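Student: Structure supplied as input_11.cif; contents: mmCIF, C-alpha atoms.
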```cif
data_final
#
loop_
_atom_site.group_PDB
_atom_site.id
_atom_site.type_symbol
_atom_site.label_atom_id
_atom_site.label_comp_id
_atom_site.auth_asym_id
_atom_site.auth_seq_id
_atom_site.Cartn_x
_atom_site.Cartn_y
_atom_site.Cartn_z
ATOM 1 C CA MET A 1 0.000 0.000 0.000
ATOM 2 C CA HIS A 2 1.210 3.499 -0.774
ATOM 3 C CA TYR A 3 1.218 5.865 2.196
ATOM 4 C CA SER A 4 1.468 9.616 1.821
ATOM 5 C CA LEU A 5 4.500 11.607 2.905
ATOM 6 C CA GLU A 6 2.272 13.593 5.286
ATOM 7 C CA PHE A 7 1.107 10.342 6.954
ATOM 8 C CA TYR A 8 4.693 9.137 7.313
ATOM 9 C CA LYS A 9 5.919 12.434 8.770
ATOM 10 C CA MET A 10 3.245 12.443 11.475
ATOM 11 C CA THR A 11 3.909 8.811 12.446
ATOM 12 C CA GLN A 12 7.597 8.177 11.723
ATOM 13 C CA ASP A 13 8.719 8.476 15.360
ATOM 14 C CA ILE A 14 6.298 5.667 16.245
ATOM 15 C CA LEU A 15 6.964 3.560 13.141
ATOM 16 C CA LEU A 16 10.732 3.684 13.724
ATOM 17 C CA HIS A 17 10.594 3.154 17.497
ATOM 18 C CA PRO A 18 12.276 -0.185 18.379
ATOM 19 C CA VAL A 19 9.535 -1.251 20.814
ATOM 20 C CA PHE A 20 6.798 -0.515 18.280
ATOM 21 C CA ALA A 21 8.843 -2.369 15.634
ATOM 22 C CA GLU A 22 8.502 -5.529 17.765
ATOM 23 C CA THR A 23 4.840 -5.665 16.719
ATOM 24 C CA ARG A 24 6.048 -6.848 13.297
ATOM 25 C CA SER A 25 6.544 -10.283 14.851
ATOM 26 C CA TYR A 26 3.080 -10.514 16.459
ATOM 27 C CA VAL A 27 0.468 -12.361 14.392
ATOM 28 C CA HIS A 28 -2.803 -10.462 14.590
ATOM 29 C CA HIS A 29 -5.777 -11.241 12.341
ATOM 30 C CA GLY A 30 -4.566 -14.441 10.747
ATOM 31 C CA PRO A 31 -1.342 -15.643 9.190
ATOM 32 C CA GLY A 32 0.482 -13.091 7.107
ATOM 33 C CA ASN A 33 -1.016 -10.196 9.063
ATOM 34 C CA SER A 34 1.101 -8.753 11.842
ATOM 35 C CA LEU A 35 0.009 -6.387 14.559
ATOM 36 C CA PHE A 36 2.284 -3.827 12.883
ATOM 37 C CA ASP A 37 0.456 -4.275 9.557
ATOM 38 C CA HIS A 38 -2.943 -4.001 11.245
ATOM 39 C CA SER A 39 -1.942 -0.897 13.192
ATOM 40 C CA VAL A 40 -0.527 0.887 10.143
ATOM 41 C CA SER A 41 -3.568 -0.021 8.029
ATOM 42 C CA THR A 42 -5.919 1.224 10.746
ATOM 43 C CA ALA A 43 -3.938 4.440 11.153
ATOM 44 C CA PHE A 44 -3.869 5.123 7.413
ATOM 45 C CA PHE A 45 -7.602 4.431 7.123
ATOM 46 C CA ALA A 46 -8.272 6.789 10.063
ATOM 47 C CA TYR A 47 -5.990 9.388 8.462
ATOM 48 C CA ARG A 48 -7.988 9.195 5.231
ATOM 49 C CA VAL A 49 -11.316 9.465 7.110
ATOM 50 C CA ALA A 50 -10.090 12.509 9.042
ATOM 51 C CA LYS A 51 -8.835 14.139 5.832
ATOM 52 C CA ARG A 52 -12.116 13.423 4.041
ATOM 53 C CA LEU A 53 -13.995 15.054 6.932
ATOM 54 C CA ARG A 54 -11.748 18.098 6.449
ATOM 55 C CA LEU A 55 -10.649 18.113 10.083
ATOM 56 C CA SER A 56 -7.863 20.409 11.210
ATOM 57 C CA SER A 57 -4.286 19.263 10.714
ATOM 58 C CA GLU A 58 -3.952 18.905 14.511
ATOM 59 C CA ASP A 59 -7.019 16.650 14.633
ATOM 60 C CA VAL A 60 -5.801 14.567 11.685
ATOM 61 C CA ARG A 61 -2.449 14.069 13.408
ATOM 62 C CA SER A 62 -4.059 13.219 16.750
ATOM 63 C CA ILE A 63 -6.452 10.687 15.214
ATOM 64 C CA THR A 64 -3.767 9.070 13.070
ATOM 65 C CA ARG A 65 -1.370 8.620 15.980
ATOM 66 C CA ALA A 66 -4.097 7.258 18.296
ATOM 67 C CA ALA A 67 -5.110 4.771 15.592
ATOM 68 C CA LEU A 68 -1.509 3.664 15.154
ATOM 69 C CA LEU A 69 -1.208 2.979 18.893
ATOM 70 C CA HIS A 70 -4.682 1.498 19.488
ATOM 71 C CA ASP A 71 -3.385 -2.088 19.935
ATOM 72 C CA PHE A 72 0.114 -1.269 21.244
ATOM 73 C CA THR A 73 -0.138 -3.353 24.417
ATOM 74 C CA GLY A 74 3.477 -4.439 24.750
ATOM 75 C CA TYR A 75 2.683 -8.134 24.592
ATOM 76 C CA ASP A 76 1.713 -10.703 21.987
ATOM 77 C CA TRP A 77 -1.750 -11.748 23.138
ATOM 78 C CA ARG A 78 -1.584 -14.981 21.132
ATOM 79 C CA ALA A 79 1.726 -16.114 22.625
ATOM 80 C CA GLY A 80 1.549 -17.838 25.978
ATOM 81 C CA LYS A 81 -1.260 -17.601 28.436
ATOM 82 C CA ARG A 82 -1.956 -14.404 30.319
ATOM 83 C CA GLU A 83 -3.446 -14.943 33.727
ATOM 84 C CA ILE A 84 -7.147 -14.158 33.652
ATOM 85 C CA ARG A 85 -8.522 -13.413 37.106
ATOM 86 C CA GLY A 86 -12.003 -13.692 38.505
ATOM 87 C CA ARG A 87 -15.083 -15.796 37.895
ATOM 88 C CA GLY A 88 -18.110 -15.402 35.664
ATOM 89 C CA LEU A 89 -18.550 -11.972 34.105
ATOM 90 C CA LYS A 90 -15.510 -10.620 35.945
ATOM 91 C CA ARG A 91 -13.371 -13.303 34.278
ATOM 92 C CA ILE A 92 -14.777 -12.423 30.853
ATOM 93 C CA TRP A 93 -14.157 -8.715 31.452
ATOM 94 C CA ASN A 94 -10.482 -9.488 32.192
ATOM 95 C CA MET A 95 -9.941 -11.200 28.818
ATOM 96 C CA HIS A 96 -7.717 -9.583 26.161
ATOM 97 C CA ALA A 97 -10.555 -8.429 23.882
ATOM 98 C CA PHE A 98 -12.051 -6.340 26.685
ATOM 99 C CA GLN A 99 -8.874 -5.063 28.335
ATOM 100 C CA HIS A 100 -6.323 -4.471 25.587
ATOM 101 C CA GLY A 101 -7.449 -0.900 24.867
ATOM 102 C CA PHE A 102 -6.680 0.057 28.454
ATOM 103 C CA SER A 103 -3.354 -1.813 28.323
ATOM 104 C CA ALA A 104 -2.474 -0.141 25.025
ATOM 105 C CA ALA A 105 -3.187 3.353 26.346
ATOM 106 C CA GLU A 106 -1.037 2.716 29.401
ATOM 107 C CA HIS A 107 1.792 1.115 27.402
ATOM 108 C CA ALA A 108 1.786 3.767 24.657
ATOM 109 C CA SER A 109 1.992 6.499 27.324
ATOM 110 C CA LYS A 110 5.329 5.067 28.453
ATOM 111 C CA PHE A 111 6.906 5.758 25.063
ATOM 112 C CA PHE A 112 4.873 8.549 23.451
ATOM 113 C CA TRP A 113 3.156 11.698 24.637
ATOM 114 C CA LEU A 114 -0.633 11.273 24.382
ATOM 115 C CA THR A 115 -3.439 13.751 24.828
ATOM 116 C CA ASP A 116 -6.455 12.849 26.944
ATOM 117 C CA ARG A 117 -8.472 12.503 23.725
ATOM 118 C CA GLN A 118 -5.950 10.056 22.261
ATOM 119 C CA ARG A 119 -5.921 8.022 25.478
ATOM 120 C CA ASP A 120 -9.728 7.912 25.428
ATOM 121 C CA ALA A 121 -9.707 6.807 21.763
ATOM 122 C CA ILE A 122 -7.237 4.002 22.463
ATOM 123 C CA LYS A 123 -9.011 2.801 25.615
ATOM 124 C CA LYS A 124 -12.458 2.723 24.035
ATOM 125 C CA HIS A 125 -11.729 1.569 20.475
ATOM 126 C CA MET A 126 -13.416 -1.779 21.163
ATOM 127 C CA PHE A 127 -16.830 -0.166 21.643
ATOM 128 C CA PRO A 128 -19.454 -1.673 21.691
ATOM 129 C CA LEU A 129 -17.609 -4.728 23.043
ATOM 130 C CA VAL A 130 -16.483 -2.530 25.914
ATOM 131 C CA PRO A 131 -19.499 -0.723 27.361
ATOM 132 C CA MET A 132 -17.879 2.726 27.357
ATOM 133 C CA ALA A 133 -18.454 4.766 24.214
ATOM 134 C CA PRO A 134 -15.699 7.085 22.995
ATOM 135 C CA ARG A 135 -16.166 10.656 24.248
ATOM 136 C CA TYR A 136 -14.546 12.482 21.340
ATOM 137 C CA LYS A 137 -14.388 12.397 17.547
ATOM 138 C CA GLU A 138 -10.896 10.866 17.754
ATOM 139 C CA GLY A 139 -12.343 7.811 19.477
ATOM 140 C CA TRP A 140 -15.216 7.416 17.064
ATOM 141 C CA ILE A 141 -12.915 7.589 14.041
ATOM 142 C CA VAL A 142 -10.377 5.157 15.551
ATOM 143 C CA THR A 143 -13.190 2.756 16.510
ATOM 144 C CA TYR A 144 -14.738 2.903 13.039
ATOM 145 C CA SER A 145 -11.373 2.528 11.302
ATOM 146 C CA ASP A 146 -10.389 -0.462 13.422
ATOM 147 C CA LYS A 147 -13.698 -2.211 12.687
ATOM 148 C CA VAL A 148 -13.377 -1.657 8.928
ATOM 149 C CA VAL A 149 -9.752 -2.810 8.767
ATOM 150 C CA ALA A 150 -10.268 -5.790 11.110
ATOM 151 C CA SER A 151 -13.341 -6.889 9.117
ATOM 152 C CA ARG A 152 -11.350 -6.724 5.902
ATOM 153 C CA GLU A 153 -8.481 -8.715 7.453
ATOM 154 C CA MET A 154 -10.768 -11.368 8.946
ATOM 155 C CA GLY A 155 -12.740 -11.573 5.699
ATOM 156 C CA LEU A 156 -9.494 -12.397 3.918
ATOM 157 C CA VAL A 157 -8.766 -15.152 6.464
ATOM 158 C CA VAL A 158 -12.214 -16.679 5.858
ATOM 159 C CA TRP A 159 -11.842 -16.326 2.070
ATOM 160 C CA GLN A 160 -8.439 -18.045 2.107
ATOM 161 C CA ALA A 161 -9.717 -20.860 4.325
ATOM 162 C CA MET A 162 -12.704 -21.402 2.035
ATOM 163 C CA LYS A 163 -10.483 -21.423 -1.060
ATOM 164 C CA LYS A 164 -8.219 -23.988 0.570
ATOM 165 C CA ALA A 165 -11.260 -26.112 1.482
ATOM 166 C CA GLY A 166 -12.604 -26.062 -2.063
ATOM 167 C CA GLY A 167 -15.139 -23.304 -1.464
ATOM 168 C CA SER A 168 -16.925 -24.932 1.452
ATOM 169 C CA LEU A 169 -17.368 -22.848 4.585
ATOM 170 C CA ARG A 170 -18.266 -25.993 6.530
ATOM 171 C CA ARG A 171 -15.046 -27.797 5.473
ATOM 172 C CA ALA A 172 -12.955 -24.651 5.978
ATOM 173 C CA PHE A 173 -13.706 -24.515 9.707
ATOM 174 C CA ALA A 174 -14.389 -28.172 10.489
#
```
Is it possible to express this structure as structure tokens?

Tutor:
Amino acid sequence: MHYSLEFYKMTQDILLHPVFAETRSYVHHGPGNSLFDHSVSTAFFAYRVAKRLRLSSEDVRSITRAALLHDFTGYDWRAGKREIRGRGLKRIWNMHAFQHGFSAAEHASKFFWLTDRQRDAIKKHMFPLVPMAPRYKEGWIVTYSDKVVASREMGLVVWQAMKKAGGSLRRAFA
């Protein structure tokens, strides 16, 4: 994919950061898709949405950077087993899908300066899976962008599995 020079300039400190670069080795939405790839695709999609909405350059930058860091948790959630505490609904709430936005906001803050709006966008990007809706436009655009990109990535996984199984959805996931 071709990214614009403006996009690269507003994200290069993150893209070139050695800790962020580690996400290249984390499988995300299926084989051949790293967390790095997903994050960059989400950020570029959010950048394009913000530009299309004719938001200010500060807002475009803020949204793009929050989208790039939305899954930057500091761990590979597929590798090993993270301890999940609690019982019942509390146990479910402590699972990666529900908590990683909060982990990502905390982890990203260790390496990059974030505004309150960016932190909110990162924490709440899994809405409606997490019951807290984003408070600001940054959060809504990051949430939307993540859903579009993740759907596209997962659709490709399903398509490839069906192709491999001779076109049968039942055989693909049996």

Student: Suppose a student applies the PyMOL selection byres ((chain A and resi 43) around 8) to this structure; what residues should they get, written as an MDAnalysis selection string?

Tutor: chainID A and resid 39:42 44:47 63:68 142 145

Student: Need to verify the contact set: region 110-124 of chain A, 12 Å, only C-alpha atoms, exclusion of same-chain residues closer than 6 positions in sequence. Can you return it as a count of residues only?

Tutor: 53

Student: Quote the spacing between CA of Arg52 (chain A) and CA of Val149 (chain A) in Å to one decimal place.

Tutor: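 Those two atoms sit 17.1 Å apart.
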
Student: Which residue is closest to Met10 (chain A)? Choose from A:Arg152, A:Val27, A:Val49, A:Ser57 and count all atoms listed in the file.

Tutor: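 Closest candidate: A:Ser57.
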
Student: Can you sort out the box for region 111-119 of chain A, edges along x, y and z, all listed atoms in, 8 Å on every side, with centre and edge lengths in Å to one decimal, as lines of an AutoDock Vina configuration file?

Tutor:
```
center_x = -0.8
center_y = 9.8
center_z = 24.6
size_x = 31.4
size_y = 24.0
size_z = 20.7
```

Student: Rounded to one decimal in Å, what is the spacing between CA of Leu55 (chain A) and CA of Lys9 (chain A)?

Tutor: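 Value for the CA of Leu55 (chain A)-CA of Lys9 (chain A) distance: 17.6 Å.
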
Student: Tell me which of A:Ala21, A:Arg48, A:Ala108, A:Leu16 sits closest to Phe36 (chain A), counting only C-alpha atoms.

Tutor: A:Ala21

Student: So how many Å separate CA of Arg54 (chain A) and CA of Tyr3 (chain A), to one decimal?

Tutor: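 Separation between CA of Arg54 (chain A) and CA of Tyr3 (chain A): 18.3 Å.
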